>>> print(open('my_file_37.csv').read())   # CSV, C-alpha atoms
chain,number,residue,atom,x,y,z
A,1,MET,CA,68.8,24.7,-41.8
A,2,THR,CA,66.5,26.8,-39.7
A,3,VAL,CA,62.7,27.2,-39.5
A,4,PHE,CA,62.0,30.8,-38.7
A,5,THR,CA,59.2,33.3,-38.7
A,6,HIS,CA,59.6,37.0,-39.5
A,7,MET,CA,57.0,39.7,-39.1
A,8,THR,CA,57.0,43.5,-39.0
A,9,MET,CA,55.3,44.4,-35.8
A,10,SER,CA,54.2,47.5,-33.9
A,11,LEU,CA,55.4,48.1,-30.4
A,12,ASP,CA,52.0,47.0,-29.2
A,13,GLY,CA,52.2,43.7,-31.1
A,14,PHE,CA,50.2,44.3,-34.3
A,15,ILE,CA,51.2,43.2,-37.8
A,16,ALA,CA,48.4,45.1,-39.6
A,17,ASP,CA,45.5,47.3,-38.7
A,18,PRO,CA,42.0,45.8,-38.3
A,19,ASP,CA,41.5,46.2,-42.1
A,20,ASP,CA,44.8,44.5,-43.0
A,21,GLY,CA,46.4,47.9,-43.6
A,22,ILE,CA,50.1,48.2,-43.2
A,23,GLU,CA,50.8,51.9,-43.8
A,24,GLU,CA,52.0,52.4,-40.2
A,25,LEU,CA,54.4,49.4,-40.4
A,26,PHE,CA,56.1,49.0,-43.7
A,27,GLY,CA,57.8,52.4,-43.9
A,28,TRP,CA,61.2,50.7,-43.2
A,29,TYR,CA,61.0,48.9,-46.5
A,30,GLY,CA,61.6,52.2,-48.2
A,31,ALA,CA,63.4,54.2,-45.5
A,32,GLY,CA,66.9,54.0,-47.0
A,33,ASP,CA,68.8,54.1,-50.2
A,34,VAL,CA,70.2,50.5,-50.4
A,35,ALA,CA,68.2,48.5,-52.9
A,36,VAL,CA,67.6,44.9,-52.0
A,37,PRO,CA,66.9,42.7,-55.0
A,38,SER,CA,63.5,41.0,-55.0
A,39,ALA,CA,62.3,38.1,-57.0
A,40,ASN,CA,59.0,39.8,-57.7
A,41,GLU,CA,59.4,42.8,-60.0
A,42,GLY,CA,56.4,44.4,-58.6
A,43,VAL,CA,58.1,44.7,-55.2
A,44,SER,CA,61.0,47.1,-54.7
A,45,LEU,CA,62.8,47.4,-51.4
A,46,SER,CA,65.1,50.3,-50.6
A,47,VAL,CA,66.3,50.2,-47.0
A,48,ASP,CA,69.1,51.5,-44.7
A,49,GLU,CA,72.4,49.7,-44.8
A,50,ARG,CA,72.0,47.7,-41.7
A,51,SER,CA,68.5,46.6,-42.6
A,52,ALA,CA,69.7,45.7,-46.1
A,53,GLU,CA,72.1,43.1,-44.8
A,54,MET,CA,69.5,41.5,-42.6
A,55,LEU,CA,66.9,41.6,-45.4
A,56,ALA,CA,69.3,40.0,-47.9
A,57,SER,CA,69.7,37.1,-45.6
A,58,TYR,CA,66.0,36.5,-45.6
A,59,MET,CA,66.1,36.4,-49.4
A,60,THR,CA,68.1,33.2,-49.3
A,61,ALA,CA,65.3,31.2,-47.8
A,62,GLY,CA,64.6,27.9,-49.6
A,63,ALA,CA,60.8,27.7,-49.0
A,64,LEU,CA,58.0,29.8,-47.5
A,65,VAL,CA,55.0,28.6,-45.5
A,66,CYS,CA,51.8,30.6,-45.3
A,67,GLY,CA,48.1,30.3,-44.5
A,68,ARG,CA,45.2,30.5,-46.9
A,69,ARG,CA,44.3,34.0,-45.9
A,70,LEU,CA,47.6,35.6,-46.8
A,71,PHE,CA,47.7,33.5,-50.0
A,72,ASP,CA,44.3,34.9,-51.0
A,73,LEU,CA,45.2,38.5,-49.9
A,74,THR,CA,48.2,38.5,-52.2
A,75,ASP,CA,46.7,36.2,-54.9
A,76,GLY,CA,49.6,33.8,-54.2
A,77,TRP,CA,52.1,36.6,-55.1
A,78,GLY,CA,51.5,35.6,-58.7
A,79,ASP,CA,53.4,32.4,-58.0
A,80,GLN,CA,56.5,34.7,-57.4
A,81,HIS,CA,57.0,35.5,-53.8
A,82,PRO,CA,59.5,38.4,-53.3
A,83,VAL,CA,61.8,36.0,-51.5
A,84,GLY,CA,62.0,33.9,-54.7
A,85,ALA,CA,61.3,30.6,-53.0
A,86,PRO,CA,58.5,28.1,-53.6
A,87,VAL,CA,55.5,28.6,-51.3
A,88,VAL,CA,53.7,26.0,-49.3
A,89,VAL,CA,50.1,26.9,-48.3
A,90,VAL,CA,48.2,25.4,-45.4
A,91,THR,CA,44.6,25.0,-46.5
A,92,HIS,CA,41.8,22.4,-46.2
A,93,ARG,CA,40.4,23.4,-49.6
A,94,PRO,CA,43.0,24.0,-52.4
A,95,PRO,CA,41.9,26.5,-55.0
A,96,GLU,CA,40.3,24.8,-58.0
A,97,ASP,CA,42.6,26.7,-60.4
A,98,ALA,CA,45.7,25.6,-58.5
A,99,ASP,CA,47.6,25.2,-61.7
A,100,ARG,CA,47.8,29.0,-61.8
A,101,TRP,CA,50.5,28.6,-59.2
A,102,PRO,CA,52.8,25.8,-60.4
A,103,ARG,CA,55.6,26.6,-57.9
A,104,THR,CA,53.1,26.6,-55.0
A,105,THR,CA,51.9,23.5,-53.1
A,106,PHE,CA,48.8,23.1,-50.9
A,107,VAL,CA,48.8,20.9,-47.8
A,108,ASP,CA,46.2,20.4,-45.1
A,109,SER,CA,48.2,20.8,-41.9
A,110,VAL,CA,50.9,22.9,-40.3
A,111,GLU,CA,53.0,19.8,-39.6
A,112,ALA,CA,52.8,18.7,-43.2
A,113,ALA,CA,53.6,22.2,-44.5
A,114,ILE,CA,56.7,22.5,-42.4
A,115,GLU,CA,57.8,19.0,-43.5
A,116,ARG,CA,57.1,19.7,-47.1
A,117,ALA,CA,58.9,23.1,-46.9
A,118,LYS,CA,62.0,21.4,-45.4
A,119,ASP,CA,62.1,19.0,-48.3
A,120,VAL,CA,61.8,21.8,-50.8
A,121,ALA,CA,64.4,24.0,-49.0
A,122,GLY,CA,67.1,21.3,-48.7
A,123,ASP,CA,70.0,23.0,-46.9
A,124,ARG,CA,68.3,26.4,-47.0
A,125,ASN,CA,66.1,28.0,-44.4
A,126,VAL,CA,62.3,27.8,-44.1
A,127,THR,CA,60.3,31.0,-43.5
A,128,ILE,CA,56.8,31.1,-42.0
A,129,ALA,CA,55.0,34.1,-43.4
A,130,SER,CA,51.6,34.0,-41.7
A,131,ALA,CA,51.1,34.9,-38.0
A,132,ASP,CA,48.5,32.2,-37.3
A,133,ILE,CA,50.7,29.5,-38.9
A,134,ALA,CA,53.7,30.8,-36.9
A,135,ALA,CA,51.7,30.5,-33.6
A,136,GLN,CA,50.6,27.0,-34.4
A,137,ALA,CA,54.1,25.9,-35.4
A,138,LEU,CA,55.5,27.5,-32.2
A,139,ASP,CA,53.1,25.5,-30.1
A,140,LEU,CA,54.0,22.3,-32.0
A,141,GLY,CA,57.7,23.0,-31.3
A,142,LEU,CA,58.5,23.3,-35.0
A,143,VAL,CA,60.0,26.8,-35.0
A,144,ASP,CA,63.7,27.4,-34.3
A,145,GLU,CA,63.8,31.2,-34.5
A,146,VAL,CA,61.3,34.1,-34.1
A,147,HIS,CA,62.3,37.3,-35.9
A,148,VAL,CA,60.6,40.6,-35.3
A,149,SER,CA,61.1,43.9,-37.1
A,150,LEU,CA,59.8,46.2,-34.3
A,151,VAL,CA,58.4,49.4,-35.6
A,152,PRO,CA,58.3,52.6,-33.4
A,153,VAL,CA,54.5,53.0,-33.3
A,154,LEU,CA,51.6,52.1,-31.1
A,155,MET,CA,48.7,51.3,-33.3
A,156,GLY,CA,46.1,50.7,-30.5
A,157,GLU,CA,44.3,48.0,-32.4
A,158,GLY,CA,44.9,45.5,-35.2
A,159,ILE,CA,45.9,42.0,-36.1
A,160,PRO,CA,48.3,40.6,-33.5
A,161,TYR,CA,51.5,38.7,-34.4
A,162,PHE,CA,51.2,36.3,-31.5
A,163,ALA,CA,47.6,35.3,-30.7
A,164,ARG,CA,46.0,32.1,-29.5
A,165,LEU,CA,49.2,30.5,-28.3
A,166,GLY,CA,48.1,27.3,-26.6
A,167,ALA,CA,51.4,26.1,-25.3
A,168,ALA,CA,52.8,29.4,-23.9
A,169,PRO,CA,55.1,30.5,-22.3
A,170,HIS,CA,57.6,30.2,-25.1
A,171,ARG,CA,61.0,31.3,-24.0
A,172,PHE,CA,63.9,32.5,-26.1
A,173,GLU,CA,67.6,33.3,-25.9
A,174,ASP,CA,68.6,36.9,-25.9
A,175,PRO,CA,68.2,38.3,-29.4
A,176,THR,CA,70.6,39.5,-32.0
A,177,VAL,CA,69.7,43.1,-32.6
A,178,VAL,CA,70.0,45.1,-35.8
A,179,GLU,CA,69.2,48.8,-35.3
A,180,GLY,CA,67.6,49.7,-38.6
A,181,LYS,CA,65.9,52.9,-39.7
A,182,ARG,CA,62.2,52.8,-38.8
A,183,ALA,CA,62.5,49.3,-37.5
A,184,THR,CA,64.6,47.5,-34.9
A,185,HIS,CA,65.3,43.9,-36.0
A,186,LEU,CA,65.3,41.3,-33.3
A,187,ALA,CA,66.1,37.6,-33.9
A,188,TYR,CA,65.3,35.2,-31.1
A,189,ARG,CA,66.3,31.6,-30.9
A,190,VAL,CA,63.8,29.3,-29.2
A,191,ARG,CA,65.0,27.8,-25.9
A,192,ARG,CA,64.6,24.1,-25.7
A,193,ASP,CA,65.2,23.6,-22.0
B,1,MET,CA,63.1,67.3,-17.7
B,2,THR,CA,61.4,64.4,-19.3
B,3,VAL,CA,58.1,62.6,-18.6
B,4,PHE,CA,58.7,58.9,-19.4
B,5,THR,CA,57.1,55.6,-18.7
B,6,HIS,CA,59.1,52.4,-18.3
B,7,MET,CA,57.8,48.8,-18.2
B,8,THR,CA,59.2,45.4,-18.4
B,9,MET,CA,57.2,43.7,-21.2
B,10,SER,CA,57.1,40.3,-22.9
B,11,LEU,CA,57.5,40.1,-26.7
B,12,ASP,CA,53.8,39.7,-27.0
B,13,GLY,CA,53.1,42.9,-25.0
B,14,PHE,CA,52.3,41.8,-21.4
B,15,ILE,CA,53.6,43.3,-18.2
B,16,ALA,CA,52.2,40.6,-15.9
B,17,ASP,CA,50.4,37.4,-16.2
B,18,PRO,CA,46.6,37.4,-15.7
B,19,ASP,CA,47.1,37.0,-11.9
B,20,ASP,CA,49.6,39.9,-11.7
B,21,GLY,CA,52.5,37.4,-11.7
B,22,ILE,CA,55.9,38.6,-12.9
B,23,GLU,CA,58.0,35.4,-12.8
B,24,GLU,CA,58.5,35.3,-16.6
B,25,LEU,CA,59.5,38.9,-16.8
B,26,PHE,CA,61.6,40.2,-13.9
B,27,GLY,CA,64.5,37.7,-14.3
B,28,TRP,CA,66.7,40.5,-15.7
B,29,TYR,CA,66.6,42.3,-12.4
B,30,GLY,CA,68.8,39.5,-11.0
B,31,ALA,CA,70.6,38.3,-14.1
B,32,GLY,CA,74.0,39.9,-13.6
B,33,ASP,CA,76.5,40.7,-10.8
B,34,VAL,CA,76.4,44.5,-10.8
B,35,ALA,CA,74.4,45.7,-7.8
B,36,VAL,CA,72.2,48.8,-8.4
B,37,PRO,CA,71.4,50.7,-5.2
B,38,SER,CA,67.7,50.9,-4.4
B,39,ALA,CA,66.1,53.3,-2.0
B,40,ASN,CA,64.0,50.4,-0.6
B,41,GLU,CA,66.0,48.0,1.4
B,42,GLY,CA,63.6,45.2,0.7
B,43,VAL,CA,64.5,45.5,-3.0
B,44,SER,CA,67.9,44.4,-4.3
B,45,LEU,CA,68.8,44.6,-7.9
B,46,SER,CA,71.8,42.8,-9.5
B,47,VAL,CA,72.0,43.1,-13.2
B,48,ASP,CA,74.4,42.9,-16.1
B,49,GLU,CA,76.7,45.9,-16.7
B,50,ARG,CA,74.8,47.4,-19.6
B,51,SER,CA,71.4,47.1,-17.8
B,52,ALA,CA,73.0,48.6,-14.7
B,53,GLU,CA,73.9,51.8,-16.4
B,54,MET,CA,70.4,52.2,-17.8
B,55,LEU,CA,68.8,51.3,-14.5
B,56,ALA,CA,70.9,53.7,-12.6
B,57,SER,CA,69.6,56.5,-14.8
B,58,TYR,CA,66.1,55.6,-13.8
B,59,MET,CA,67.0,55.9,-10.1
B,60,THR,CA,67.5,59.6,-10.6
B,61,ALA,CA,63.9,60.3,-11.3
B,62,GLY,CA,62.4,63.1,-9.2
B,63,ALA,CA,58.8,61.9,-8.9
B,64,LEU,CA,56.8,58.8,-9.8
B,65,VAL,CA,53.2,58.7,-10.9
B,66,CYS,CA,51.1,55.5,-10.5
B,67,GLY,CA,47.5,54.3,-10.4
B,68,ARG,CA,45.6,53.2,-7.3
B,69,ARG,CA,45.8,49.5,-8.3
B,70,LEU,CA,49.6,49.4,-8.3
B,71,PHE,CA,49.6,51.5,-5.1
B,72,ASP,CA,47.3,49.0,-3.4
B,73,LEU,CA,49.3,46.0,-4.8
B,74,THR,CA,52.5,47.3,-3.3
B,75,ASP,CA,50.9,48.9,-0.2
B,76,GLY,CA,52.4,52.1,-1.5
B,77,TRP,CA,55.9,50.6,-1.4
B,78,GLY,CA,55.9,51.4,2.4
B,79,ASP,CA,56.2,55.1,1.3
B,80,GLN,CA,59.7,54.2,0.0
B,81,HIS,CA,59.6,53.4,-3.7
B,82,PRO,CA,62.8,51.7,-4.9
B,83,VAL,CA,63.5,54.7,-7.1
B,84,GLY,CA,63.6,56.9,-4.0
B,85,ALA,CA,61.4,59.6,-5.3
B,86,PRO,CA,58.0,60.8,-3.9
B,87,VAL,CA,55.0,59.1,-5.4
B,88,VAL,CA,51.9,60.7,-6.9
B,89,VAL,CA,48.8,58.4,-7.0
B,90,VAL,CA,45.8,58.9,-9.3
B,91,THR,CA,42.7,58.0,-7.4
B,92,HIS,CA,39.2,59.3,-6.8
B,93,ARG,CA,39.2,58.0,-3.3
B,94,PRO,CA,42.4,58.6,-1.3
B,95,PRO,CA,42.9,56.1,1.5
B,96,GLU,CA,41.5,57.1,4.9
B,97,ASP,CA,44.9,56.4,6.5
B,98,ALA,CA,46.8,58.5,4.0
B,99,ASP,CA,49.1,59.7,6.7
B,100,ARG,CA,50.8,56.3,6.6
B,101,TRP,CA,52.4,57.6,3.4
B,102,PRO,CA,53.7,61.1,4.2
B,103,ARG,CA,55.8,61.3,1.0
B,104,THR,CA,52.9,60.2,-1.2
B,105,THR,CA,50.2,62.5,-2.6
B,106,PHE,CA,46.8,61.6,-4.0
B,107,VAL,CA,45.2,63.5,-6.8
B,108,ASP,CA,42.1,62.7,-8.9
B,109,SER,CA,43.2,63.0,-12.5
B,110,VAL,CA,46.1,62.0,-14.8
B,111,GLU,CA,46.6,65.7,-15.8
B,112,ALA,CA,46.8,66.8,-12.2
B,113,ALA,CA,49.2,64.0,-11.3
B,114,ILE,CA,51.7,64.8,-14.1
B,115,GLU,CA,51.6,68.5,-13.1
B,116,ARG,CA,52.0,67.7,-9.5
B,117,ALA,CA,54.9,65.3,-10.3
B,118,LYS,CA,56.6,67.9,-12.4
B,119,ASP,CA,56.4,70.4,-9.5
B,120,VAL,CA,57.9,67.8,-7.1
B,121,ALA,CA,60.6,66.7,-9.6
B,122,GLY,CA,61.9,70.1,-10.4
B,123,ASP,CA,64.7,69.6,-12.9
B,124,ARG,CA,64.6,65.8,-12.6
B,125,ASN,CA,62.5,63.4,-14.6
B,126,VAL,CA,59.0,62.1,-14.0
B,127,THR,CA,58.3,58.4,-14.3
B,128,ILE,CA,54.9,56.9,-14.9
B,129,ALA,CA,54.8,53.4,-13.3
B,130,SER,CA,51.3,52.2,-14.1
B,131,ALA,CA,50.4,51.0,-17.6
B,132,ASP,CA,46.8,52.4,-17.5
B,133,ILE,CA,48.1,55.8,-16.4
B,134,ALA,CA,50.8,55.7,-19.1
B,135,ALA,CA,48.2,55.0,-21.8
B,136,GLN,CA,46.0,57.9,-20.6
B,137,ALA,CA,49.0,60.2,-20.4
B,138,LEU,CA,50.1,59.2,-23.9
B,139,ASP,CA,46.6,60.0,-25.3
B,140,LEU,CA,46.7,63.4,-23.5
B,141,GLY,CA,50.1,64.2,-25.1
B,142,LEU,CA,51.8,64.3,-21.7
B,143,VAL,CA,54.5,61.7,-22.3
B,144,ASP,CA,57.9,62.5,-23.8
B,145,GLU,CA,59.4,59.0,-23.9
B,146,VAL,CA,58.2,55.4,-23.7
B,147,HIS,CA,60.8,53.0,-22.4
B,148,VAL,CA,60.4,49.2,-22.7
B,149,SER,CA,62.6,46.5,-21.3
B,150,LEU,CA,61.6,43.7,-23.8
B,151,VAL,CA,61.9,40.2,-22.4
B,152,PRO,CA,62.5,37.2,-24.6
B,153,VAL,CA,59.3,35.4,-23.8
B,154,LEU,CA,55.9,34.9,-25.3
B,155,MET,CA,53.4,34.7,-22.4
B,156,GLY,CA,50.3,34.1,-24.4
B,157,GLU,CA,48.1,36.0,-22.0
B,158,GLY,CA,48.3,38.6,-19.3
B,159,ILE,CA,48.0,42.3,-18.6
B,160,PRO,CA,49.0,44.4,-21.6
B,161,TYR,CA,51.4,47.4,-21.4
B,162,PHE,CA,49.4,49.4,-24.0
B,163,ALA,CA,45.7,48.9,-23.8
B,164,ARG,CA,42.7,51.1,-24.5
B,165,LEU,CA,44.7,53.8,-26.4
B,166,GLY,CA,42.1,56.2,-27.6
B,167,ALA,CA,44.3,58.5,-29.6
B,168,ALA,CA,46.5,56.0,-31.4
B,169,PRO,CA,48.5,55.7,-33.5
B,170,HIS,CA,51.3,57.2,-31.4
B,171,ARG,CA,54.5,57.4,-33.4
B,172,PHE,CA,58.0,57.5,-32.1
B,173,GLU,CA,61.6,58.2,-33.2
B,174,ASP,CA,63.9,55.2,-33.6
B,175,PRO,CA,64.8,54.0,-30.2
B,176,THR,CA,68.1,53.9,-28.3
B,177,VAL,CA,68.9,50.3,-27.6
B,178,VAL,CA,70.7,48.7,-24.7
B,179,GLU,CA,71.3,45.0,-25.1
B,180,GLY,CA,70.9,43.7,-21.6
B,181,LYS,CA,70.9,40.2,-20.3
B,182,ARG,CA,67.4,38.7,-20.3
B,183,ALA,CA,66.0,42.1,-21.5
B,184,THR,CA,66.5,44.4,-24.4
B,185,HIS,CA,66.0,48.0,-23.3
B,186,LEU,CA,64.4,50.3,-25.8
B,187,ALA,CA,63.8,54.0,-25.3
B,188,TYR,CA,61.5,55.8,-27.7
B,189,ARG,CA,61.0,59.5,-28.0
B,190,VAL,CA,57.4,60.6,-28.9
B,191,ARG,CA,57.1,62.2,-32.3
B,192,ARG,CA,55.3,65.5,-32.2
B,193,ASP,CA,54.8,66.1,-36.0
>>> encode(input="my_file_37.csv", output="structure tokens")
Amino acid sequence: MTVFTHMTMSLDGFIADPDDGIEELFGWYGAGDVAVPSANEGVSLSVDERSAEMLASYMTAGALVCGRRLFDLTDGWGDQHPVGAPVVVVTHRPPEDADRWPRTTFVDSVEAAIERAKDVAGDRNVTIASADIAAQALDLGLVDEVHVSLVPVLMGEGIPYFARLGAAPHRFEDPTVVEGKRATHLAYRVRRD
Amino acid sequence: MTVFTHMTMSLDGFIADPDDGIEELFGWYGAGDVAVPSANEGVSLSVDERSAEMLASYMTAGALVCGRRLFDLTDGWGDQHPVGAPVVVVTHRPPEDADRWPRTTFVDSVEAAIERAKDVAGDRNVTIASADIAAQALDLGLVDEVHVSLVPVLMGEGIPYFARLGAAPHRFEDPTVVEGKRATHLAYRVRRD
């Protein structure tokens, strides 16, 4: 079982524009004709063949960790994240109507969230879906792999994937590379030496 | 003939640490056993086979454009840049002892520097070696290709490759990818549509 983080990122390191817009970034999710099944019927993915294989592997994750901001932005994916896995949210103030999301749990620290997600996932992988949680988990040594779908655009400004790293440098092995259409998928294993 | 910029960059977008240090980044220049000839005898490069091919192609550039800061940091490479090509420096105040660098010319704008470099290069390519000049040239539409040697490290802080882009977004074609040792080499062609 692997704890990994995956983001779609511009060549200058942004995962959204300053207003959370993703127009420049998420083109690859529709850039091919291979449909990738999603657990959320509102989300349809149709990518190139190489990206499809990679994306399908993400869909097998056993649990997903995110921050409160992403949870709020997506309204908790209607309790049905496209990956299909239960979601663990890091927050100091769980929503009062938390029973709207029965498959979602709320915990108050990154450490607790990763631990909880591992319990939920069993033998399957844990994905971290929020950049700020990913950065904290990296600093805590709780991340095994960092995955980046690198999009051929310079946005100039936006929300960075990797910000406020307190324990950098973080070093990785050379990545596995999948040359997708409108995104180059890079998977890095954290070096523990 | 192509105007391109090439930098070695961390996964979080830095080309040097805050003190201009490059320890985390330039390991790939010595990570293999294929020697790549350099025009400057103080610089020896010994890289993996795939990186060697890519690096050798850079060595055929016909002119190199840089900013005053890099020129000062390297003392103008002793008038002998490793690539072997004449250097054009963008500066508003040429050094008083400019005759120390007979193969180097000093011009006062990015536009003039690219034009001058094209004249010098003839049929060969022009390389931009300073990040701030690269950004300005991109904004001016004077760059054909952006090349990145992406190093598997998160530095957390440092000097960014792409900063202060005034005309972003800049969009590119999908890159050609060379999977080198300790760096993944990505070459992007600027989209003109």
>>> residues_around(input="my_file_37.csv", residues="Val177 (chain A)", least_positions_apart="5", cutoff="10 Å", atoms="all atoms listed in the file", output="PyMOL selection string")
(chain A and resi 147-149+184-188) or (chain B and resi 177-179+184)
>>> atom_distance(input="my_file_37.csv", atom1="CA of Val65 (chain A)", atom2="CA of Gly13 (chain B)")
25.1 Å
>>> interface_residues(input="my_file_37.csv", of="chain A", to="chain B", cutoff="8 Å", atoms="all atoms listed in the file", output="list in words")
Leu11, Asp12, Gly13, Pro152, Val153, Leu154, Met155, Gly156, Tyr161, Phe162, Ala163, Arg164, Leu165, Gly166, Ala168, Pro169, His170, Arg171, Phe172, Glu173, Asp174, Pro175, Val177, Glu179, Lys181, Arg182, Ala183, Thr184 and Tyr188 of chain A
>>> residues_around(input="my_file_37.csv", residues="region 86-99 of chain A", least_positions_apart="6", cutoff="10 Å", atoms="all atoms listed in the file", output="PyMOL selection string")
chain A and resi 61-72+76-77+79-80+105-117+120-121+126-130+133
>>> write_last_selection(input="my_file_37.csv", atoms="C-alpha atoms", output="PDB file, keeping the file's coordinate frame")
ATOM      1  CA  ALA A  61      65.300  31.200 -47.800  1.00  0.00           C
ATOM      2  CA  GLY A  62      64.600  27.900 -49.600  1.00  0.00           C
ATOM      3  CA  ALA A  63      60.800  27.700 -49.000  1.00  0.00           C
ATOM      4  CA  LEU A  64      58.000  29.800 -47.500  1.00  0.00           C
ATOM      5  CA  VAL A  65      55.000  28.600 -45.500  1.00  0.00           C
ATOM      6  CA  CYS A  66      51.800  30.600 -45.300  1.00  0.00           C
ATOM      7  CA  GLY A  67      48.100  30.300 -44.500  1.00  0.00           C
ATOM      8  CA  ARG A  68      45.200  30.500 -46.900  1.00  0.00           C
ATOM      9  CA  ARG A  69      44.300  34.000 -45.900  1.00  0.00           C
ATOM     10  CA  LEU A  70      47.600  35.600 -46.800  1.00  0.00           C
ATOM     11  CA  PHE A  71      47.700  33.500 -50.000  1.00  0.00           C
ATOM     12  CA  ASP A  72      44.300  34.900 -51.000  1.00  0.00           C
ATOM     13  CA  GLY A  76      49.600  33.800 -54.200  1.00  0.00           C
ATOM     14  CA  TRP A  77      52.100  36.600 -55.100  1.00  0.00           C
ATOM     15  CA  ASP A  79      53.400  32.400 -58.000  1.00  0.00           C
ATOM     16  CA  GLN A  80      56.500  34.700 -57.400  1.00  0.00           C
ATOM     17  CA  THR A 105      51.900  23.500 -53.100  1.00  0.00           C
ATOM     18  CA  PHE A 106      48.800  23.100 -50.900  1.00  0.00           C
ATOM     19  CA  VAL A 107      48.800  20.900 -47.800  1.00  0.00           C
ATOM     20  CA  ASP A 108      46.200  20.400 -45.100  1.00  0.00           C
ATOM     21  CA  SER A 109      48.200  20.800 -41.900  1.00  0.00           C
ATOM     22  CA  VAL A 110      50.900  22.900 -40.300  1.00  0.00           C
ATOM     23  CA  GLU A 111      53.000  19.800 -39.600  1.00  0.00           C
ATOM     24  CA  ALA A 112      52.800  18.700 -43.200  1.00  0.00           C
ATOM     25  CA  ALA A 113      53.600  22.200 -44.500  1.00  0.00           C
ATOM     26  CA  ILE A 114      56.700  22.500 -42.400  1.00  0.00           C
ATOM     27  CA  GLU A 115      57.800  19.000 -43.500  1.00  0.00           C
ATOM     28  CA  ARG A 116      57.100  19.700 -47.100  1.00  0.00           C
ATOM     29  CA  ALA A 117      58.900  23.100 -46.900  1.00  0.00           C
ATOM     30  CA  VAL A 120      61.800  21.800 -50.800  1.00  0.00           C
ATOM     31  CA  ALA A 121      64.400  24.000 -49.000  1.00  0.00           C
ATOM     32  CA  VAL A 126      62.300  27.800 -44.100  1.00  0.00           C
ATOM     33  CA  THR A 127      60.300  31.000 -43.500  1.00  0.00           C
ATOM     34  CA  ILE A 128      56.800  31.100 -42.000  1.00  0.00           C
ATOM     35  CA  ALA A 129      55.000  34.100 -43.400  1.00  0.00           C
ATOM     36  CA  SER A 130      51.600  34.000 -41.700  1.00  0.00           C
ATOM     37  CA  ILE A 133      50.700  29.500 -38.900  1.00  0.00           C
TER      38      ILE A 133
END
>>> residues_around(input="my_file_37.csv", residues="Phe4 (chain B)", least_positions_apart="2", cutoff="6 Å", atoms="all atoms listed in the file", output="JSON, numbers by chain")
{"B": [127, 143, 144, 145, 146]}
>>> atom_distance(input="my_file_37.csv", atom1="CA of Ser46 (chain A)", atom2="CA of Met1 (chain A)")
27.3 Å
>>> closest_residue(input="my_file_37.csv", among="A:Met7, A:Leu73, A:Ala137, A:Arg124", to="Asp19 (chain A)", atoms="all atoms listed in the file")
A:Leu73
>>> atom_distance(input="my_file_37.csv", atom1="CA of Ala134 (chain A)", atom2="CA of Pro18 (chain B)")
23.3 Å
>>> residues_around(input="my_file_37.csv", residues="region 35-37 of chain A", least_positions_apart="4", cutoff="10 Å", atoms="all atoms listed in the file", output="VMD selection string")
chain A and resid 29 to 30 41 43 to 49 51 to 53 55 to 56 59 82 to 83
>>> write_last_selection(input="my_file_37.csv", atoms="C-alpha atoms", output="mmCIF file, in the coordinates of the input")
data_model
loop_
_atom_site.group_PDB
_atom_site.id
_atom_site.type_symbol
_atom_site.label_atom_id
_atom_site.label_comp_id
_atom_site.auth_asym_id
_atom_site.auth_seq_id
_atom_site.Cartn_x
_atom_site.Cartn_y
_atom_site.Cartn_z
ATOM 1 C CA TYR A 29 61.000 48.900 -46.500
ATOM 2 C CA GLY A 30 61.600 52.200 -48.200
ATOM 3 C CA GLU A 41 59.400 42.800 -60.000
ATOM 4 C CA VAL A 43 58.100 44.700 -55.200
ATOM 5 C CA SER A 44 61.000 47.100 -54.700
ATOM 6 C CA LEU A 45 62.800 47.400 -51.400
ATOM 7 C CA SER A 46 65.100 50.300 -50.600
ATOM 8 C CA VAL A 47 66.300 50.200 -47.000
ATOM 9 C CA ASP A 48 69.100 51.500 -44.700
ATOM 10 C CA GLU A 49 72.400 49.700 -44.800
ATOM 11 C CA SER A 51 68.500 46.600 -42.600
ATOM 12 C CA ALA A 52 69.700 45.700 -46.100
ATOM 13 C CA GLU A 53 72.100 43.100 -44.800
ATOM 14 C CA LEU A 55 66.900 41.600 -45.400
ATOM 15 C CA ALA A 56 69.300 40.000 -47.900
ATOM 16 C CA MET A 59 66.100 36.400 -49.400
ATOM 17 C CA PRO A 82 59.500 38.400 -53.300
ATOM 18 C CA VAL A 83 61.800 36.000 -51.500
#
>>> residues_around(input="my_file_37.csv", residues="Ala16 (chain A)", least_positions_apart="5", cutoff="6 Å", atoms="only C-alpha atoms", output="number ranges by chain")
A: 21-22, 158-159
